$ cat upload.pdb   # PDB, C-alpha atoms
ATOM      1  CA  MET A 290     131.542 101.453  86.925
ATOM      2  CA  LYS A 291     130.459 104.479  84.896
ATOM      3  CA  GLU A 292     127.403 106.309  86.170
ATOM      4  CA  ALA A 293     124.268 106.358  84.040
ATOM      5  CA  VAL A 294     122.031 109.405  83.829
ATOM      6  CA  TYR A 295     118.325 109.248  83.082
ATOM      7  CA  ARG A 296     115.904 112.046  82.431
ATOM      8  CA  PRO A 297     112.550 110.954  83.906
ATOM      9  CA  ILE A 298     109.610 111.008  81.516
ATOM     10  CA  GLY A 299     107.208 111.959  84.313
ATOM     11  CA  PHE A 300     106.244 111.367  87.915
ATOM     12  CA  VAL A 301     103.681 109.560  90.072
ATOM     13  CA  GLU A 302     100.677 111.380  91.531
ATOM     14  CA  ASN A 303      98.762 109.750  94.405
ATOM     15  CA  ASP A 304      97.715 110.230  98.051
ATOM     16  CA  PHE A 305     100.785 108.603  99.614
ATOM     17  CA  GLN A 306     103.497 111.037 100.642
ATOM     18  CA  ASN A 307     104.965 108.606 103.167
ATOM     19  CA  PRO A 308     105.541 104.854 103.332
ATOM     20  CA  ASP A 309     102.299 102.991 104.091
ATOM     21  CA  ASP A 310     100.999  99.421 103.927
ATOM     22  CA  PRO A 311     102.074  98.375 100.389
ATOM     23  CA  LYS A 312      98.775  96.551  99.940
ATOM     24  CA  ARG A 313      96.850  99.763 100.656
ATOM     25  CA  ILE A 314      98.972 101.707  98.181
ATOM     26  CA  ARG A 315      98.575  99.058  95.488
ATOM     27  CA  ASN A 316      94.810  98.909  95.969
ATOM     28  CA  SER A 317      94.532 102.670  95.443
ATOM     29  CA  ASN A 318      94.748 104.552  92.176
ATOM     30  CA  SER A 319      97.774 106.501  91.005
ATOM     31  CA  VAL A 320      98.262 108.750  88.002
ATOM     32  CA  LEU A 321     101.408 108.545  85.888
ATOM     33  CA  VAL A 322     101.819 112.178  84.837
ATOM     34  CA  LEU A 323     104.087 112.266  81.801
ATOM     35  CA  ASN A 324     105.857 115.244  80.334
ATOM     36  CA  GLU A 325     103.494 116.799  77.774
ATOM     37  CA  LYS A 326     106.211 116.431  75.158
ATOM     38  CA  CYS A 327     105.736 112.652  75.503
ATOM     39  CA  ILE A 328     102.112 112.681  74.276
ATOM     40  CA  PRO A 329     103.022 111.601  70.710
ATOM     41  CA  ALA A 330     105.295 108.838  72.107
ATOM     42  CA  MET A 331     102.353 107.575  74.219
ATOM     43  CA  GLU A 332     100.221 106.758  71.169
ATOM     44  CA  GLY A 333      99.040 103.147  71.458
ATOM     45  CA  LEU A 334      99.394 102.880  75.236
ATOM     46  CA  GLU A 335      95.640 103.162  75.733
ATOM     47  CA  ARG A 336      95.217  99.762  74.106
ATOM     48  CA  PHE A 337      97.248  97.916  76.730
ATOM     49  CA  ARG A 338      95.673  96.607  79.844
ATOM     50  CA  TYR A 339      98.893  96.234  81.835
ATOM     51  CA  LEU A 340     102.077  98.279  81.987
ATOM     52  CA  ILE A 341     105.424  97.729  83.659
ATOM     53  CA  VAL A 342     106.331 100.892  85.491
ATOM     54  CA  ILE A 343     109.934 101.694  86.432
ATOM     55  CA  TYR A 344     109.984 104.304  89.166
ATOM     56  CA  HIS A 345     112.726 105.927  91.140
ATOM     57  CA  MET A 346     112.303 105.381  94.887
ATOM     58  CA  ASP A 347     113.816 108.764  95.646
ATOM     59  CA  LYS A 348     112.733 108.656  99.291
ATOM     60  CA  ALA A 349     114.536 105.339  99.918
ATOM     61  CA  PRO A 350     116.587 105.370 103.128
ATOM     62  CA  GLY A 351     119.815 104.408 101.324
ATOM     63  CA  TYR A 352     121.823 101.292 100.622
ATOM     64  CA  ARG A 353     121.931  98.395 103.089
ATOM     65  CA  GLU A 354     123.700  95.150 102.289
ATOM     66  CA  LYS A 355     121.228  92.917 104.185
ATOM     67  CA  VAL A 356     117.577  93.473 105.049
ATOM     68  CA  HIS A 357     114.549  91.640 106.401
ATOM     69  CA  PRO A 358     112.335  90.998 103.335
ATOM     70  CA  MET A 359     109.290  93.303 103.422
ATOM     71  CA  GLY A 360     110.664  94.741 106.667
ATOM     72  CA  ASP A 361     109.322  91.636 108.415
ATOM     73  CA  LYS A 362     111.659  90.814 111.291
ATOM     74  CA  SER A 363     110.285  87.263 111.479
ATOM     75  CA  ILE A 364     111.966  86.574 108.118
ATOM     76  CA  PRO A 365     115.768  86.201 108.407
ATOM     77  CA  MET A 366     117.889  88.969 106.902
ATOM     78  CA  ARG A 367     119.324  88.332 103.484
ATOM     79  CA  GLY A 368     121.131  90.176 100.684
ATOM     80  CA  VAL A 369     119.139  93.215  99.551
ATOM     81  CA  LEU A 370     119.423  92.169  95.878
ATOM     82  CA  SER A 371     117.430  89.009  96.634
ATOM     83  CA  THR A 372     114.556  91.138  98.008
ATOM     84  CA  ARG A 373     112.411  93.999  96.680
ATOM     85  CA  SER A 374     113.566  96.372  99.416
ATOM     86  CA  PRO A 375     114.087 100.044  98.448
ATOM     87  CA  CYS A 376     117.488  99.926 100.205
ATOM     88  CA  ARG A 377     119.134  98.635  97.013
ATOM     89  CA  PRO A 378     122.177 100.135  95.284
ATOM     90  CA  SER A 379     120.070 101.783  92.530
ATOM     91  CA  PRO A 380     116.682 102.401  94.147
ATOM     92  CA  LEU A 381     114.553 101.526  91.133
ATOM     93  CA  GLY A 382     111.120 100.023  91.620
ATOM     94  CA  VAL A 383     109.456  97.770  89.036
ATOM     95  CA  THR A 384     105.750  96.918  89.213
ATOM     96  CA  VAL A 385     103.042  95.653  86.907
ATOM     97  CA  VAL A 386     100.016  97.953  86.978
ATOM     98  CA  GLU A 387      96.575  97.907  85.407
ATOM     99  CA  VAL A 388      95.591 100.809  83.175
ATOM    100  CA  LEU A 389      92.242 102.409  84.029
ATOM    101  CA  GLU A 390      92.346 105.413  81.705
ATOM    102  CA  VAL A 391      94.702 107.277  79.393
ATOM    103  CA  LYS A 392      93.915 110.961  78.881
ATOM    104  CA  LYS A 393      96.420 113.278  77.220
ATOM    105  CA  ASN A 394      99.619 112.995  79.300
ATOM    106  CA  ARG A 395      97.922 111.299  82.270
ATOM    107  CA  ILE A 396      97.651 107.516  82.756
ATOM    108  CA  LYS A 397      95.379 106.447  85.604
ATOM    109  CA  VAL A 398      96.490 103.070  87.000
ATOM    110  CA  THR A 399      95.916 100.740  89.901
ATOM    111  CA  GLY A 400      98.417  98.344  91.458
ATOM    112  CA  LEU A 401     101.362 100.732  91.758
ATOM    113  CA  ASP A 402     103.241 100.811  95.080
ATOM    114  CA  ALA A 403     105.175 104.039  94.469
ATOM    115  CA  LEU A 404     104.971 107.159  96.627
ATOM    116  CA  ASP A 405     103.588 110.490  95.434
ATOM    117  CA  GLY A 406     106.119 112.423  93.384
ATOM    118  CA  SER A 407     108.323 109.430  92.471
ATOM    119  CA  PRO A 408     110.117 110.164  89.187
ATOM    120  CA  LEU A 409     109.436 107.775  86.300
ATOM    121  CA  PRO A 410     112.461 106.802  84.201
ATOM    122  CA  ASP A 411     110.367 104.575  81.918
ATOM    123  CA  ILE A 412     107.116 102.726  81.300
ATOM    124  CA  ASN A 413     106.622  99.650  79.112
ATOM    125  CA  PRO A 414     103.596  97.778  77.804
ATOM    126  CA  TYR A 415     103.376  94.434  79.611
ATOM    127  CA  GLU A 416     104.046  91.646  77.116
ATOM    128  CA  GLU A 417     103.995  88.057  78.311
ATOM    129  CA  ARG A 418     106.789  87.186  75.913
ATOM    130  CA  PHE A 419     109.295  89.334  77.802
ATOM    131  CA  ASP A 420     107.678  89.677  81.189
ATOM    132  CA  SER A 421     106.509  86.247  82.188
ATOM    133  CA  PRO A 422     108.508  83.088  82.897
ATOM    134  CA  MET A 423     106.230  81.498  80.273
ATOM    135  CA  GLY A 424     107.812  83.742  77.663
ATOM    136  CA  LEU A 425     111.130  81.971  78.138
ATOM    137  CA  LYS A 426     109.540  78.674  77.231
ATOM    138  CA  TRP A 427     107.837  80.166  74.212
ATOM    139  CA  GLU A 428     111.073  81.603  72.880
ATOM    140  CA  ARG A 429     112.573  78.113  72.922
ATOM    141  CA  ASP A 430     109.674  76.625  70.993
ATOM    142  CA  SER A 431     110.236  77.234  67.312
ATOM    143  CA  ASN A 432     106.531  76.719  66.642
ATOM    144  CA  TYR A 433     105.574  79.556  68.941
ATOM    145  CA  ARG A 434     104.138  82.646  67.344
ATOM    146  CA  PRO A 435     103.730  85.597  69.718
ATOM    147  CA  ARG A 436     100.145  86.313  70.633
ATOM    148  CA  ASP A 437      98.672  89.505  69.367
ATOM    149  CA  ILE A 438      99.441  92.544  71.450
ATOM    150  CA  PRO A 439      97.233  92.247  74.556
ATOM    151  CA  TYR A 440      94.749  94.917  73.599
ATOM    152  CA  LYS A 441      92.034  95.547  76.082
ATOM    153  CA  GLU A 442      89.432  93.978  73.839
ATOM    154  CA  ALA A 443      91.441  90.767  73.576
ATOM    155  CA  LEU A 444      91.618  90.031  77.283
TER     156      LEU A 444
ATOM    157  CA  MET B 227     112.415 117.189  85.229
ATOM    158  CA  LYS B 228     115.457 116.556  87.416
ATOM    159  CA  GLU B 229     117.950 114.022  86.109
ATOM    160  CA  ALA B 230     118.487 110.807  88.042
ATOM    161  CA  VAL B 231     121.908 109.199  88.334
ATOM    162  CA  TYR B 232     122.470 105.466  88.820
ATOM    163  CA  ARG B 233     125.664 103.634  89.521
ATOM    164  CA  PRO B 234     125.357 100.256  87.777
ATOM    165  CA  ILE B 235     125.871  97.194  89.973
ATOM    166  CA  GLY B 236     127.461  95.255  87.106
ATOM    167  CA  PHE B 237     127.300  94.479  83.406
ATOM    168  CA  VAL B 238     126.199  91.791  80.952
ATOM    169  CA  GLU B 239     128.664  89.326  79.447
ATOM    170  CA  ASN B 240     127.664  87.342  76.354
ATOM    171  CA  ASP B 241     128.559  86.715  72.702
ATOM    172  CA  PHE B 242     126.450  89.505  71.229
ATOM    173  CA  GLN B 243     128.344  92.712  70.545
ATOM    174  CA  ASN B 244     125.844  93.862  67.939
ATOM    175  CA  PRO B 245     122.070  93.697  67.541
ATOM    176  CA  ASP B 246     120.952  90.227  66.435
ATOM    177  CA  ASP B 247     117.736  88.232  66.225
ATOM    178  CA  PRO B 248     116.262  88.804  69.730
ATOM    179  CA  LYS B 249     115.115  85.185  69.827
ATOM    180  CA  ARG B 250     118.686  83.994  69.234
ATOM    181  CA  ILE B 251     120.002  86.249  71.993
ATOM    182  CA  ARG B 252     117.333  85.116  74.443
ATOM    183  CA  ASN B 253     117.977  81.444  73.716
ATOM    184  CA  SER B 254     121.682  81.885  74.510
ATOM    185  CA  ASN B 255     123.255  82.228  77.917
ATOM    186  CA  SER B 256     124.464  85.479  79.429
ATOM    187  CA  VAL B 257     126.378  86.162  82.613
ATOM    188  CA  LEU B 258     125.404  89.039  84.903
ATOM    189  CA  VAL B 259     128.793  90.083  86.253
ATOM    190  CA  LEU B 260     128.227  92.076  89.420
ATOM    191  CA  ASN B 261     130.695  94.274  91.236
ATOM    192  CA  GLU B 262     132.525  92.077  93.752
ATOM    193  CA  LYS B 263     131.448  94.460  96.486
ATOM    194  CA  CYS B 264     127.874  93.273  95.826
ATOM    195  CA  ILE B 265     128.565  89.649  96.816
ATOM    196  CA  PRO B 266     127.096  90.027 100.348
ATOM    197  CA  ALA B 267     124.031  91.802  98.887
ATOM    198  CA  MET B 268     123.523  88.855  96.498
ATOM    199  CA  GLU B 269     122.978  86.359  99.313
ATOM    200  CA  GLY B 270     119.716  84.510  98.685
ATOM    201  CA  LEU B 271     119.614  85.107  94.932
ATOM    202  CA  GLU B 272     120.683  81.523  94.206
ATOM    203  CA  ARG B 273     117.339  80.319  95.545
ATOM    204  CA  PHE B 274     115.288  82.151  92.926
ATOM    205  CA  ARG B 275     114.540  80.579  89.617
ATOM    206  CA  TYR B 276     113.638  83.813  87.831
ATOM    207  CA  LEU B 277     114.993  87.341  88.022
ATOM    208  CA  ILE B 278     113.891  90.637  86.533
ATOM    209  CA  VAL B 279     116.896  92.305  85.010
ATOM    210  CA  ILE B 280     117.012  96.049  84.367
ATOM    211  CA  TYR B 281     119.715  96.822  81.848
ATOM    212  CA  HIS B 282     120.879  99.976  80.179
ATOM    213  CA  MET B 283     120.661  99.770  76.393
ATOM    214  CA  ASP B 284     123.715 101.963  75.996
ATOM    215  CA  LYS B 285     124.070 101.170  72.286
ATOM    216  CA  ALA B 286     120.505 102.326  71.541
ATOM    217  CA  PRO B 287     120.320 104.564  68.467
ATOM    218  CA  GLY B 288     118.595 107.382  70.383
ATOM    219  CA  TYR B 289     115.102 108.692  70.951
ATOM    220  CA  ARG B 290     112.424 108.394  68.283
ATOM    221  CA  GLU B 291     108.846 109.442  68.936
ATOM    222  CA  LYS B 292     107.276 106.731  66.736
ATOM    223  CA  VAL B 293     108.623 103.349  65.692
ATOM    224  CA  HIS B 294     107.533 100.130  63.993
ATOM    225  CA  PRO B 295     107.161  97.616  66.859
ATOM    226  CA  MET B 296     110.045  95.091  66.775
ATOM    227  CA  GLY B 297     111.369  96.983  63.736
ATOM    228  CA  ASP B 298     108.729  95.182  61.657
ATOM    229  CA  LYS B 299     107.626  97.534  58.877
ATOM    230  CA  SER B 300     104.454  95.515  58.332
ATOM    231  CA  ILE B 301     103.229  96.741  61.747
ATOM    232  CA  PRO B 302     102.111 100.399  61.662
ATOM    233  CA  MET B 303     104.294 102.910  63.515
ATOM    234  CA  ARG B 304     103.157 103.900  66.962
ATOM    235  CA  GLY B 305     104.398 105.808  70.008
ATOM    236  CA  VAL B 306     107.704 104.395  71.239
ATOM    237  CA  LEU B 307     106.386 104.174  74.830
ATOM    238  CA  SER B 308     103.751 101.662  73.707
ATOM    239  CA  THR B 309     106.500  99.393  72.334
ATOM    240  CA  ARG B 310     109.652  97.750  73.749
ATOM    241  CA  SER B 311     111.897  99.571  71.257
ATOM    242  CA  PRO B 312     115.318 100.725  72.550
ATOM    243  CA  CYS B 313     114.640 104.160  71.001
ATOM    244  CA  ARG B 314     112.830 105.254  74.207
ATOM    245  CA  PRO B 315     113.578 108.400  76.225
ATOM    246  CA  SER B 316     115.450 106.460  78.960
ATOM    247  CA  PRO B 317     116.834 103.391  77.181
ATOM    248  CA  LEU B 318     116.211 100.902  79.981
ATOM    249  CA  GLY B 319     115.450  97.286  79.150
ATOM    250  CA  VAL B 320     113.429  95.010  81.444
ATOM    251  CA  THR B 321     113.357  91.243  80.960
ATOM    252  CA  VAL B 322     112.526  88.167  83.000
ATOM    253  CA  VAL B 323     115.405  85.661  82.909
ATOM    254  CA  GLU B 324     115.950  82.164  84.248
ATOM    255  CA  VAL B 325     118.860  81.611  86.637
ATOM    256  CA  LEU B 326     121.158  78.720  85.694
ATOM    257  CA  GLU B 327     123.918  79.235  88.249
ATOM    258  CA  VAL B 328     125.119  81.721  90.845
ATOM    259  CA  LYS B 329     128.854  81.628  91.603
ATOM    260  CA  LYS B 330     130.490  84.419  93.593
ATOM    261  CA  ASN B 331     129.686  87.643  91.689
ATOM    262  CA  ARG B 332     128.574  85.891  88.477
ATOM    263  CA  ILE B 333     124.964  84.922  87.685
ATOM    264  CA  LYS B 334     124.550  82.707  84.631
ATOM    265  CA  VAL B 335     121.126  83.230  83.057
ATOM    266  CA  THR B 336     119.153  82.435  79.956
ATOM    267  CA  GLY B 337     116.401  84.531  78.395
ATOM    268  CA  LEU B 338     118.145  87.898  78.453
ATOM    269  CA  ASP B 339     118.060  90.007  75.289
ATOM    270  CA  ALA B 340     120.772  92.506  76.246
ATOM    271  CA  LEU B 341     124.002  93.080  74.326
ATOM    272  CA  ASP B 342     127.460  92.280  75.690
ATOM    273  CA  GLY B 343     128.706  94.981  78.043
ATOM    274  CA  SER B 344     125.279  96.473  78.858
ATOM    275  CA  PRO B 345     125.423  98.124  82.308
ATOM    276  CA  LEU B 346     123.034  96.758  84.941
ATOM    277  CA  PRO B 347     121.349  99.356  87.146
ATOM    278  CA  ASP B 348     119.446  96.692  89.102
ATOM    279  CA  ILE B 349     118.267  93.096  89.375
ATOM    280  CA  ASN B 350     115.216  91.834  91.283
ATOM    281  CA  PRO B 351     113.925  88.406  92.239
ATOM    282  CA  TYR B 352     110.826  87.662  90.173
ATOM    283  CA  GLU B 353     107.798  87.579  92.469
ATOM    284  CA  GLU B 354     104.380  86.913  90.997
ATOM    285  CA  ARG B 355     102.807  89.297  93.478
ATOM    286  CA  PHE B 356     104.521  92.314  91.930
ATOM    287  CA  ASP B 357     105.396  91.066  88.493
ATOM    288  CA  SER B 358     102.346  89.316  87.155
ATOM    289  CA  PRO B 359      98.900  90.708  86.336
ATOM    290  CA  MET B 360      97.636  87.968  88.675
ATOM    291  CA  GLY B 361      99.332  89.736  91.552
ATOM    292  CA  LEU B 362      96.953  92.672  91.163
ATOM    293  CA  LYS B 363      93.994  90.384  91.733
ATOM    294  CA  TRP B 364      95.629  88.790  94.739
ATOM    295  CA  GLU B 365      96.281  92.135  96.367
ATOM    296  CA  ARG B 366      92.573  92.896  96.144
ATOM    297  CA  ASP B 367      91.597  89.623  97.758
ATOM    298  CA  SER B 368      91.903  89.961 101.504
ATOM    299  CA  ASN B 369      92.110  86.171 101.866
ATOM    300  CA  TYR B 370      95.204  86.007  99.738
ATOM    301  CA  ARG B 371      98.450  85.091 101.444
ATOM    302  CA  PRO B 372     101.526  85.438  99.248
ATOM    303  CA  ARG B 373     102.994  82.129  98.196
ATOM    304  CA  ASP B 374     106.350  81.215  99.611
ATOM    305  CA  ILE B 375     109.285  82.716  97.831
ATOM    306  CA  PRO B 376     109.631  80.731  94.597
ATOM    307  CA  TYR B 377     112.723  78.781  95.576
ATOM    308  CA  LYS B 378     114.018  76.456  92.921
ATOM    309  CA  GLU B 379     112.931  73.393  94.876
ATOM    310  CA  ALA B 380     109.360  74.667  95.057
ATOM    311  CA  LEU B 381     108.847  74.999  91.320
TER     312      LEU B 381
END
$ encode --input "upload.pdb" --output "structure tokens"
Amino acid sequence: MKEAVYRPIGFVENDFQNPDDPKRIRNSNSVLVLNEKCIPAMEGLERFRYLIVIYHMDKAPGYREKVHPMGDKSIPMRGVLSTRSPCRPSPLGVTVVEVLEVKKNRIKVTGLDALDGSPLPDINPYEERFDSPMGLKWERDSNYRPRDIPYKEAL
Amino acid sequence: MKEAVYRPIGFVENDFQNPDDPKRIRNSNSVLVLNEKCIPAMEGLERFRYLIVIYHMDKAPGYREKVHPMGDKSIPMRGVLSTRSPCRPSPLGVTVVEVLEVKKNRIKVTGLDALDGSPLPDINPYEERFDSPMGLKWERDSNYRPRDIPYKEAL
């Protein structure tokens, strides 16, 4: 399988240099620091309340076929692809975050569980149509018209 | 920014070699064909109803700073990062899909909007805790205990 190469658009800035309680990380704030060249491409982001962040877990310990979900040994081991463990073949993380502020090339968010310095291959506005199981039902319903973009003022 | 390299775990198989109405693509079935070496790592996937698929839009026309969302010229252009356009810096697609069948290294799904042959850097089980805006609220609530894994029989 041919390798794919991505140039990150930025990196994560927060207080967590090492793995910690995921809940604690997610309840803290992080900043998505984008390359300044991306500022024009960011136009419109400030109107979204939620983003989907794709981050590279570059401190992941490497691939393991089976893992205990959430590192919890009371849960039986299973295939790493049926968990969210960082020990996956391509250590990409995906998380929905809430936007607190967008200022120039910096997006302050809460809800991210990435470590400080994690490279960011991509960010997307969260849209229920693509990102929620409900969206699948809507696509099947010919009467469905997508809701307006979830601007902050609309939520 | 340092480049990141991913080795895809598989590719998409469906009837869409060229861009088409996204709704039509999503309402069709696709097969996620994983590398046979991944079969042990897939154990457990069959119990999830929804997956988040990360696919490489390798036929994307290339980076554009501003685009009309969904190619609709009636919507004003805005920064590509505030849209789901494939013309993004790292052309990664993210979509929630419904699992129809898991057989050996083949996962039959519906709801995917990727073209035939798209490489797959990663797949994840859909978990509301990480993948829904509701999850952010739950993480803040110390009384919250994650729901059981959304096995098919539980939905």
$ interface_residues --input "upload.pdb" --of "chain B" --to "chain A" --cutoff "8 Å" --atoms "all atoms listed in the file" --output "PyMOL selection string"
chain B and resi 227-236+249+252-253+264+266-271+276+291-292+304-310+315-316+318+320-324+337+347-351+356-359+362+365-366
$ atom_distance --input "upload.pdb" --atom1 "CA of Ser407 in chain A" --atom2 "CA of Gly288 in chain B"
24.4 Å
$ residues_around --input "upload.pdb" --residues "Gly343 in chain B" --least-positions-apart "5" --cutoff "10 Å" --atoms "only C-alpha atoms" --output "number ranges by chain"
B: 236-243, 258-259, 281-285
$ atom_distance --input "upload.pdb" --atom1 "CA of Asn307 in chain A" --atom2 "CA of Pro350 in chain A"
12.1 Å
$ atom_distance --input "upload.pdb" --atom1 "CA of Leu326 in chain B" --atom2 "CA of Asp361 in chain A"
28.7 Å
$ axis_aligned_box --input "upload.pdb" --around "range 271-280 of chain B" --padding-each-side "8 Å" --output "AutoDock Vina command-line options"
--center_x 117.2 --center_y 88.2 --center_z 90.0 --size_x 23.0 --size_y 31.7 --size_z 27.2
$ resolve_selection --input "upload.pdb" --expression "the PyMOL selection byres ((chain B and resi 333) around 6)" --output "PyMOL selection string"
chain B and resi 257-258+327-328+332+334
$ closest_residue --input "upload.pdb" --among "B:Ser300, B:Leu260, B:Pro295, B:Lys330" --to "Pro312 in chain B" --atoms "all atoms listed in the file"
B:Pro295
$ build_atoms --input "upload.pdb" --residues "range 360-372 of chain A" --atoms "N, CA, C and O atoms" --output "short mmCIF file (atom, residue, chain, number, x, y, z; two decimals), keeping the file's coordinate frame"
data_model
loop_
_atom_site.label_atom_id
_atom_site.label_comp_id
_atom_site.auth_asym_id
_atom_site.auth_seq_id
_atom_site.Cartn_x
_atom_site.Cartn_y
_atom_site.Cartn_z
N GLY A 360 110.53 94.16 105.33
CA GLY A 360 110.66 94.74 106.67
C GLY A 360 110.14 93.84 107.78
O GLY A 360 109.96 94.29 108.91
N ASP A 361 109.92 92.57 107.45
CA ASP A 361 109.32 91.64 108.42
C ASP A 361 110.43 90.94 109.21
O ASP A 361 111.16 90.09 108.68
N LYS A 362 110.54 91.33 110.49
CA LYS A 362 111.66 90.81 111.29
C LYS A 362 111.57 89.32 111.58
O LYS A 362 112.53 88.71 112.04
N SER A 363 110.40 88.71 111.27
CA SER A 363 110.28 87.26 111.48
C SER A 363 110.96 86.50 110.33
O SER A 363 111.17 85.29 110.40
N ILE A 364 111.26 87.21 109.25
CA ILE A 364 111.97 86.57 108.12
C ILE A 364 113.45 86.91 108.25
O ILE A 364 113.80 88.09 108.41
N PRO A 365 114.34 85.91 108.22
CA PRO A 365 115.77 86.20 108.41
C PRO A 365 116.29 87.21 107.38
O PRO A 365 115.80 87.26 106.23
N MET A 366 117.26 88.01 107.82
CA MET A 366 117.89 88.97 106.90
C MET A 366 118.55 88.23 105.74
O MET A 366 119.07 87.13 105.92
N ARG A 367 118.52 88.87 104.59
CA ARG A 367 119.32 88.33 103.48
C ARG A 367 119.77 89.48 102.58
O ARG A 367 119.42 90.65 102.81
N GLY A 368 120.58 89.15 101.58
CA GLY A 368 121.13 90.18 100.68
C GLY A 368 120.02 91.01 100.06
O GLY A 368 119.01 90.47 99.61
N VAL A 369 120.20 92.32 100.03
CA VAL A 369 119.14 93.22 99.55
C VAL A 369 118.77 92.94 98.09
O VAL A 369 117.61 93.13 97.69
N LEU A 370 119.72 92.43 97.29
CA LEU A 370 119.42 92.17 95.88
C LEU A 370 118.52 90.95 95.68
O LEU A 370 117.95 90.76 94.61
N SER A 371 118.36 90.14 96.74
CA SER A 371 117.43 89.01 96.63
C SER A 371 116.10 89.35 97.30
O SER A 371 115.31 88.46 97.62
N THR A 372 115.84 90.65 97.48
CA THR A 372 114.56 91.14 98.01
C THR A 372 114.08 92.28 97.10
O THR A 372 114.78 92.66 96.16
#
